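Working notes for the structure below.
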Amino acid sequence: MKDRLIFQRSISFYFSFLVIASAVLWSLLSFDLPDRELNYFENGVRFLKRFFPPDFSIWRTVLESFLETLRIAILATLLAIIFSIPIAFCGSRLHRNAWLRYLIRFSLNAIRTIPSLIWALLAVALVGPHPLAGVIALSFYSLGYLGKFFIDALNAVDLNIARHLRATGAHNIQAFQYGIFASVKPVIVSHSLWMLEYNIRSASIIGYVGAGGLGTLLHQYQEYYQWNRFCTVLIVIFIVVLLLDAANEIYRKKHLVERT
Amino acid sequence: MIHSASLLKIQAGGLKRGERWLFRDLNLEIPKGHFLGVQGPSGIGKTSLLEIMARTSILTEGRLERSSSIAWIDQHSSLTANLSVEENILLGGLHRRRWFQTLFGLSSLKTDEISEILKSLDLQVSPHSKVGLLSGGERQRVSIARALFQNADLLLADEPVSMLPDTLQTKSLQLLKDRTVEGTSVICALHNEQLLKMYADQILVIDQSGWRLIS
């Protein structure tokens, strides 16, 4: 019996190894390198050298664009949170209608399939090259993610708590607020902070297609080969992302208590 | 019609799980200030019976009448892990407040009462500690504290002291017993027969042969 188990495990290990190795080899076929002899390392170093030293003389322009990016990201995240919570409620097991649950999950999957840049293209086509396009694009994109995260969080809630509160005389709203929402609130805030961080990064990119923010600057500096200014913008984005990540970590440590 | 002195009444109650009847023809009447122990082997339906009394489950046959408010110490220790000890205890008082009064928080003027209850249960944790960080025994005592804070007519307790050391088991059960003097009735499912005999006025025994009441 024991030998048979060891044999089965060995077969399973070698089979997994074979599958992974085949997948890696197959992926390497994509690297169809040009015939010309190129010194990739030297090219890379030469390109990176153009980024330094960063040109901080443009700080005022970068700050203005950054504030626009921040406004786009905050508004988009806020709209996504507002719509995600009721949508997630209807898409989670808390809602009895199975068809509605499937429909919501399907729609959220469909929304997530479309990259934020494509959402931005669609939004620019709708309202023109304007920060509003950025807000619309990122709101939809974030809805896809936050909706899914919130559904997963609601599905993991221990329903006994709400059931208990209801049985001991609490109103349905009180049972939901303190039995369900109180349990998922830290997860919701944590995911929302992550989404805000993601949207700041995304809002910096969608400007490439005219949706406002730092992306417009990045696009402009890239067009004119002003890589040291490009670098300044990247540094600003990097610092903001680091700060948001730290804020998220602090929040999680303080408020998210796993049920042990 | 339920008798005015009764808080709960079950008439010809039966509960079926799959093809098996856990109990049938159960007749039970709980007067004010009564301590009823529920005893029986695991899986016989003690928890299910308490869930029926709490109205989160229903009888397969027969009827249940209950005209009382309930406090409930259930086996799951249904506490909200992300809320503090004090907030979890205050949840016991939700039925006394309208939903819009608690929409923005559970502010309390009863911190002294809560401290008193925690002290009586030897729970030496800050009322502001998150419940998710407490041990199983501490969490169980928070559940008992919430039930005591609730001041309900009927207190349902499902293995309320299973995670506590012996001294605290007797102390906690005595606290439940003390409430019967004030008119609260207690229905307590417990494995420990000796403990039940110490506190219960009557014991409902459910086993393979059926049910019986022992005074």
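Within each chain, counting starts at residue 1; across the structure tokens, chains are named A, B, ... in the order shown, with ligands numbered 1 upward in that order.
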
Could you please select, counting only C-alpha atoms, the residues of chain A within 12 Å of chain B and state them as number ranges by chain?
A: 157-187, 252-260

Please list as a ChimeraX atom specification every residue within 8 Å of range 109-115 of chain B, counting only C-alpha atoms and excluding residues in the same chain fewer than 3 positions away.
/B:86,89,118-119,127,145,149

Output for the residues just chosen: C-alpha atoms as a CSV table (one decimal), in the first residue's frame:
chain,number,residue,atom,x,y,z
B,86,GLU,CA,-17.1,45.8,24.0
B,89,ILE,CA,-21.1,42.7,23.9
B,118,LEU,CA,-16.3,40.9,32.2
B,119,LYS,CA,-15.0,41.0,35.8
B,127,PRO,CA,-12.7,45.9,26.3
B,145,ALA,CA,-21.0,38.2,28.6
B,149,PHE,CA,-25.7,41.9,29.0

Please provide as a ChimeraX atom specification all residues within 9 Å of Leu7 in chain B, with the sequence filter that same-chain residues fewer than 4 positions apart are discarded (counting only C-alpha atoms).
/B:2-3,29-32,65-69,153-154,185

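CA of Phe83 in chain A is positioned 12.0 Å from CA of Leu108 in chain A.
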
Using only C-alpha atoms, determine which residues lie at most 10 Å from Gly210 in chain B, disregarding the query and same-chain residues fewer than 6 positions distant; provide the list as a ChimeraX atom specification.
/B:21-26,44

Taking N, CA, C and O atoms for each residue, export the selection above as a short mmCIF file (atom, residue, chain, number, x, y, z; two decimals), in the first residue's frame.
data_model
loop_
_atom_site.label_atom_id
_atom_site.label_comp_id
_atom_site.auth_asym_id
_atom_site.auth_seq_id
_atom_site.Cartn_x
_atom_site.Cartn_y
_atom_site.Cartn_z
N TRP B 21 -35.49 9.97 12.68
CA TRP B 21 -36.12 10.92 13.61
C TRP B 21 -35.17 11.13 14.78
O TRP B 21 -34.79 10.17 15.44
N LEU B 22 -34.78 12.38 15.03
CA LEU B 22 -33.91 12.65 16.18
C LEU B 22 -34.74 12.61 17.47
O LEU B 22 -34.31 12.10 18.49
N PHE B 23 -35.93 13.19 17.40
CA PHE B 23 -36.88 13.06 18.51
C PHE B 23 -38.28 13.27 17.95
O PHE B 23 -38.46 13.87 16.89
N ARG B 24 -39.25 12.71 18.67
CA ARG B 24 -40.66 12.85 18.25
C ARG B 24 -41.54 13.05 19.47
O ARG B 24 -41.17 12.71 20.59
N ASP B 25 -42.71 13.64 19.24
CA ASP B 25 -43.70 13.85 20.31
C ASP B 25 -43.12 14.55 21.53
O ASP B 25 -43.43 14.20 22.67
N LEU B 26 -42.25 15.50 21.28
CA LEU B 26 -41.63 16.23 22.41
C LEU B 26 -42.60 17.30 22.90
O LEU B 26 -43.05 18.14 22.13
N ILE B 44 -27.36 13.83 18.55
CA ILE B 44 -28.73 13.40 18.85
C ILE B 44 -29.75 14.51 18.59
O ILE B 44 -30.96 14.28 18.57
#

Which of range 73-203 of chain B fall in strand (DSSP E), as an NGL selection string:
:B and (73 or 154-158 or 185-189 or 202-203)

Please return, as a ChimeraX atom specification, all residues of range 137-197 of chain A that DSSP assigns to alpha helix (DSSP H) on the basis of the backbone.
/A:137-155,159-167,172-175,182-197

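For the residues A:Ala211, A:Leu193, A:Leu94, A:Tyr221, ranking by smallest atom-to-atom distance to Ile136 in chain A using only C-alpha atoms places A:Ala211 first.
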
If you count only C-alpha atoms, which residues fall within 12 Å of Gly128 in chain A, apart from same-chain ones fewer than 5 positions away, as an NGL selection string?
:A and (120-123 or 133-134 or 136 or 209-212)

Could you take the residues named above and write them with all heavy atoms, as a PDB file, in the first residue's frame?
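again06.pdb written:
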ATOM      1  N   ALA A 120     -10.021  53.061 -21.948  1.00  0.00           N
ATOM      2  CA  ALA A 120      -9.695  54.475 -22.152  1.00  0.00           C
ATOM      3  C   ALA A 120      -9.974  54.881 -23.600  1.00  0.00           C
ATOM      4  O   ALA A 120     -10.534  55.948 -23.853  1.00  0.00           O
ATOM      5  CB  ALA A 120      -8.240  54.725 -21.793  1.00  0.00           C
ATOM      6  N   LEU A 121      -9.602  54.013 -24.545  1.00  0.00           N
ATOM      7  CA  LEU A 121      -9.857  54.304 -25.962  1.00  0.00           C
ATOM      8  C   LEU A 121     -11.354  54.487 -26.209  1.00  0.00           C
ATOM      9  O   LEU A 121     -11.781  55.414 -26.891  1.00  0.00           O
ATOM     10  CB  LEU A 121      -9.330  53.162 -26.828  1.00  0.00           C
ATOM     11  CG  LEU A 121      -7.848  53.221 -27.197  1.00  0.00           C
ATOM     12  CD1 LEU A 121      -7.434  51.925 -27.884  1.00  0.00           C
ATOM     13  CD2 LEU A 121      -7.577  54.412 -28.132  1.00  0.00           C
ATOM     14  N   LEU A 122     -12.132  53.574 -25.617  1.00  0.00           N
ATOM     15  CA  LEU A 122     -13.592  53.647 -25.771  1.00  0.00           C
ATOM     16  C   LEU A 122     -14.137  54.942 -25.162  1.00  0.00           C
ATOM     17  O   LEU A 122     -14.979  55.620 -25.756  1.00  0.00           O
ATOM     18  CB  LEU A 122     -14.265  52.443 -25.094  1.00  0.00           C
ATOM     19  CG  LEU A 122     -14.015  51.071 -25.724  1.00  0.00           C
ATOM     20  CD1 LEU A 122     -14.567  49.965 -24.819  1.00  0.00           C
ATOM     21  CD2 LEU A 122     -14.695  51.002 -27.087  1.00  0.00           C
ATOM     22  N   ALA A 123     -13.607  55.274 -23.960  1.00  0.00           N
ATOM     23  CA  ALA A 123     -14.102  56.469 -23.265  1.00  0.00           C
ATOM     24  C   ALA A 123     -13.706  57.738 -24.010  1.00  0.00           C
ATOM     25  O   ALA A 123     -14.492  58.693 -24.089  1.00  0.00           O
ATOM     26  CB  ALA A 123     -13.560  56.491 -21.838  1.00  0.00           C
ATOM     27  N   ALA A 133     -12.752  61.115 -19.534  1.00  0.00           N
ATOM     28  CA  ALA A 133     -12.581  59.818 -20.212  1.00  0.00           C
ATOM     29  C   ALA A 133     -11.806  58.860 -19.301  1.00  0.00           C
ATOM     30  O   ALA A 133     -12.135  57.669 -19.205  1.00  0.00           O
ATOM     31  CB  ALA A 133     -11.841  60.012 -21.531  1.00  0.00           C
ATOM     32  N   GLY A 134     -10.803  59.408 -18.618  1.00  0.00           N
ATOM     33  CA  GLY A 134     -10.015  58.591 -17.683  1.00  0.00           C
ATOM     34  C   GLY A 134     -10.867  58.076 -16.553  1.00  0.00           C
ATOM     35  O   GLY A 134     -10.783  56.911 -16.156  1.00  0.00           O
ATOM     36  N   ILE A 136     -14.142  57.612 -16.541  1.00  0.00           N
ATOM     37  CA  ILE A 136     -15.083  56.592 -17.031  1.00  0.00           C
ATOM     38  C   ILE A 136     -14.352  55.262 -17.243  1.00  0.00           C
ATOM     39  O   ILE A 136     -14.803  54.203 -16.780  1.00  0.00           O
ATOM     40  CB  ILE A 136     -15.746  57.050 -18.354  1.00  0.00           C
ATOM     41  CG1 ILE A 136     -16.633  58.270 -18.090  1.00  0.00           C
ATOM     42  CG2 ILE A 136     -16.564  55.926 -18.985  1.00  0.00           C
ATOM     43  CD1 ILE A 136     -17.178  58.934 -19.348  1.00  0.00           C
ATOM     44  N   VAL A 209      -3.513  57.695 -24.497  1.00  0.00           N
ATOM     45  CA  VAL A 209      -4.558  57.744 -25.529  1.00  0.00           C
ATOM     46  C   VAL A 209      -5.468  58.955 -25.338  1.00  0.00           C
ATOM     47  O   VAL A 209      -6.563  59.017 -25.870  1.00  0.00           O
ATOM     48  CB  VAL A 209      -5.385  56.433 -25.566  1.00  0.00           C
ATOM     49  CG1 VAL A 209      -4.551  55.280 -26.058  1.00  0.00           C
ATOM     50  CG2 VAL A 209      -5.995  56.136 -24.206  1.00  0.00           C
ATOM     51  N   GLY A 210      -5.002  59.902 -24.531  1.00  0.00           N
ATOM     52  CA  GLY A 210      -5.723  61.175 -24.415  1.00  0.00           C
ATOM     53  C   GLY A 210      -6.660  61.282 -23.241  1.00  0.00           C
ATOM     54  O   GLY A 210      -7.499  62.179 -23.210  1.00  0.00           O
ATOM     55  N   ALA A 211      -6.516  60.356 -22.259  1.00  0.00           N
ATOM     56  CA  ALA A 211      -7.450  60.386 -21.128  1.00  0.00           C
ATOM     57  C   ALA A 211      -6.932  61.223 -19.960  1.00  0.00           C
ATOM     58  O   ALA A 211      -7.378  61.058 -18.837  1.00  0.00           O
ATOM     59  CB  ALA A 211      -7.774  58.965 -20.682  1.00  0.00           C
ATOM     60  N   GLY A 212      -5.995  62.119 -20.199  1.00  0.00           N
ATOM     61  CA  GLY A 212      -5.524  63.063 -19.181  1.00  0.00           C
ATOM     62  C   GLY A 212      -4.515  62.492 -18.213  1.00  0.00           C
ATOM     63  O   GLY A 212      -4.142  61.320 -18.278  1.00  0.00           O
TER      64      GLY A 212
END

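CA of Arg71 in chain A is positioned 18.9 Å from CA of Leu146 in chain A.
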
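The closest residue to Ile206 in chain A, picked from A:Ala137, A:Ile87, A:Leu5, A:Ala98 and counting only C-alpha atoms, is A:Ala137.
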
Quick one: everything within 12 Å of Gly137 in chain B, counting only C-alpha atoms, minus sequence neighbours fewer than 5 positions away in the same chain. Send it as JSON, numbers by chain.
{"B": [77, 121, 122, 123, 124, 131, 142, 143, 144, 160, 161, 162, 163, 164, 165, 166, 168, 169, 172]}

Taking N, CA, C and O atoms for each residue, export the selection above as a PDB file, in the first residue's frame.
ATOM      1  N   SER B  77     -19.721  30.389  18.700  1.00  0.00           N
ATOM      2  CA  SER B  77     -19.248  31.656  19.269  1.00  0.00           C
ATOM      3  C   SER B  77     -19.436  32.748  18.233  1.00  0.00           C
ATOM      4  O   SER B  77     -18.477  33.352  17.768  1.00  0.00           O
ATOM      5  N   LEU B 121     -16.664  37.316  35.007  1.00  0.00           N
ATOM      6  CA  LEU B 121     -16.254  36.127  34.245  1.00  0.00           C
ATOM      7  C   LEU B 121     -14.727  35.957  34.227  1.00  0.00           C
ATOM      8  O   LEU B 121     -14.192  35.143  33.475  1.00  0.00           O
ATOM      9  N   ASP B 122     -14.057  36.749  35.063  1.00  0.00           N
ATOM     10  CA  ASP B 122     -12.583  36.709  35.140  1.00  0.00           C
ATOM     11  C   ASP B 122     -11.925  36.953  33.785  1.00  0.00           C
ATOM     12  O   ASP B 122     -10.881  36.359  33.484  1.00  0.00           O
ATOM     13  N   LEU B 123     -12.528  37.772  32.971  1.00  0.00           N
ATOM     14  CA  LEU B 123     -11.968  38.023  31.637  1.00  0.00           C
ATOM     15  C   LEU B 123     -11.099  39.276  31.715  1.00  0.00           C
ATOM     16  O   LEU B 123     -11.592  40.402  31.727  1.00  0.00           O
ATOM     17  N   GLN B 124      -9.791  39.029  31.769  1.00  0.00           N
ATOM     18  CA  GLN B 124      -8.896  40.165  31.960  1.00  0.00           C
ATOM     19  C   GLN B 124      -8.289  40.625  30.640  1.00  0.00           C
ATOM     20  O   GLN B 124      -7.084  40.532  30.424  1.00  0.00           O
ATOM     21  N   VAL B 131     -11.834  40.902  19.039  1.00  0.00           N
ATOM     22  CA  VAL B 131     -12.229  39.553  19.444  1.00  0.00           C
ATOM     23  C   VAL B 131     -11.451  38.472  18.687  1.00  0.00           C
ATOM     24  O   VAL B 131     -11.123  37.420  19.235  1.00  0.00           O
ATOM     25  N   VAL B 142     -16.696  35.961  26.185  1.00  0.00           N
ATOM     26  CA  VAL B 142     -17.323  37.154  25.588  1.00  0.00           C
ATOM     27  C   VAL B 142     -18.754  36.814  25.153  1.00  0.00           C
ATOM     28  O   VAL B 142     -19.682  37.605  25.339  1.00  0.00           O
ATOM     29  N   SER B 143     -18.924  35.592  24.626  1.00  0.00           N
ATOM     30  CA  SER B 143     -20.277  35.154  24.237  1.00  0.00           C
ATOM     31  C   SER B 143     -21.208  35.125  25.445  1.00  0.00           C
ATOM     32  O   SER B 143     -22.364  35.549  25.371  1.00  0.00           O
ATOM     33  N   ILE B 144     -20.674  34.596  26.567  1.00  0.00           N
ATOM     34  CA  ILE B 144     -21.496  34.543  27.794  1.00  0.00           C
ATOM     35  C   ILE B 144     -21.801  35.965  28.262  1.00  0.00           C
ATOM     36  O   ILE B 144     -22.941  36.285  28.617  1.00  0.00           O
ATOM     37  N   PRO B 160     -21.937  26.106  26.626  1.00  0.00           N
ATOM     38  CA  PRO B 160     -21.379  27.451  26.831  1.00  0.00           C
ATOM     39  C   PRO B 160     -20.028  27.478  27.530  1.00  0.00           C
ATOM     40  O   PRO B 160     -19.344  28.495  27.477  1.00  0.00           O
ATOM     41  N   VAL B 161     -19.647  26.358  28.206  1.00  0.00           N
ATOM     42  CA  VAL B 161     -18.402  26.404  28.976  1.00  0.00           C
ATOM     43  C   VAL B 161     -17.402  25.336  28.515  1.00  0.00           C
ATOM     44  O   VAL B 161     -16.478  25.004  29.247  1.00  0.00           O
ATOM     45  N   SER B 162     -17.588  24.837  27.297  1.00  0.00           N
ATOM     46  CA  SER B 162     -16.768  23.706  26.840  1.00  0.00           C
ATOM     47  C   SER B 162     -15.276  24.023  26.753  1.00  0.00           C
ATOM     48  O   SER B 162     -14.441  23.133  26.845  1.00  0.00           O
ATOM     49  N   MET B 163     -14.926  25.303  26.595  1.00  0.00           N
ATOM     50  CA  MET B 163     -13.505  25.637  26.450  1.00  0.00           C
ATOM     51  C   MET B 163     -12.919  26.275  27.705  1.00  0.00           C
ATOM     52  O   MET B 163     -11.828  26.831  27.665  1.00  0.00           O
ATOM     53  N   LEU B 164     -13.663  26.211  28.804  1.00  0.00           N
ATOM     54  CA  LEU B 164     -13.195  26.889  30.021  1.00  0.00           C
ATOM     55  C   LEU B 164     -12.637  25.889  31.035  1.00  0.00           C
ATOM     56  O   LEU B 164     -13.071  24.739  31.084  1.00  0.00           O
ATOM     57  N   PRO B 165     -11.690  26.341  31.875  1.00  0.00           N
ATOM     58  CA  PRO B 165     -11.213  25.462  32.948  1.00  0.00           C
ATOM     59  C   PRO B 165     -12.317  25.221  33.978  1.00  0.00           C
ATOM     60  O   PRO B 165     -13.281  25.999  34.050  1.00  0.00           O
ATOM     61  N   ASP B 166     -12.152  24.162  34.790  1.00  0.00           N
ATOM     62  CA  ASP B 166     -13.216  23.729  35.701  1.00  0.00           C
ATOM     63  C   ASP B 166     -13.778  24.847  36.573  1.00  0.00           C
ATOM     64  O   ASP B 166     -14.995  24.999  36.695  1.00  0.00           O
ATOM     65  N   LEU B 168     -13.810  28.020  36.185  1.00  0.00           N
ATOM     66  CA  LEU B 168     -14.594  28.996  35.422  1.00  0.00           C
ATOM     67  C   LEU B 168     -15.894  28.401  34.898  1.00  0.00           C
ATOM     68  O   LEU B 168     -16.874  29.114  34.697  1.00  0.00           O
ATOM     69  N   GLN B 169     -15.893  27.083  34.696  1.00  0.00           N
ATOM     70  CA  GLN B 169     -17.129  26.424  34.242  1.00  0.00           C
ATOM     71  C   GLN B 169     -18.214  26.602  35.295  1.00  0.00           C
ATOM     72  O   GLN B 169     -19.323  27.039  34.988  1.00  0.00           O
ATOM     73  N   SER B 172     -19.223  30.335  35.654  1.00  0.00           N
ATOM     74  CA  SER B 172     -20.056  30.835  34.550  1.00  0.00           C
ATOM     75  C   SER B 172     -21.468  30.281  34.653  1.00  0.00           C
ATOM     76  O   SER B 172     -22.444  31.011  34.463  1.00  0.00           O
TER      77      SER B 172
END

CA of Ala76 in chain A to CA of Ala156 in chain A measures 26.4 Å
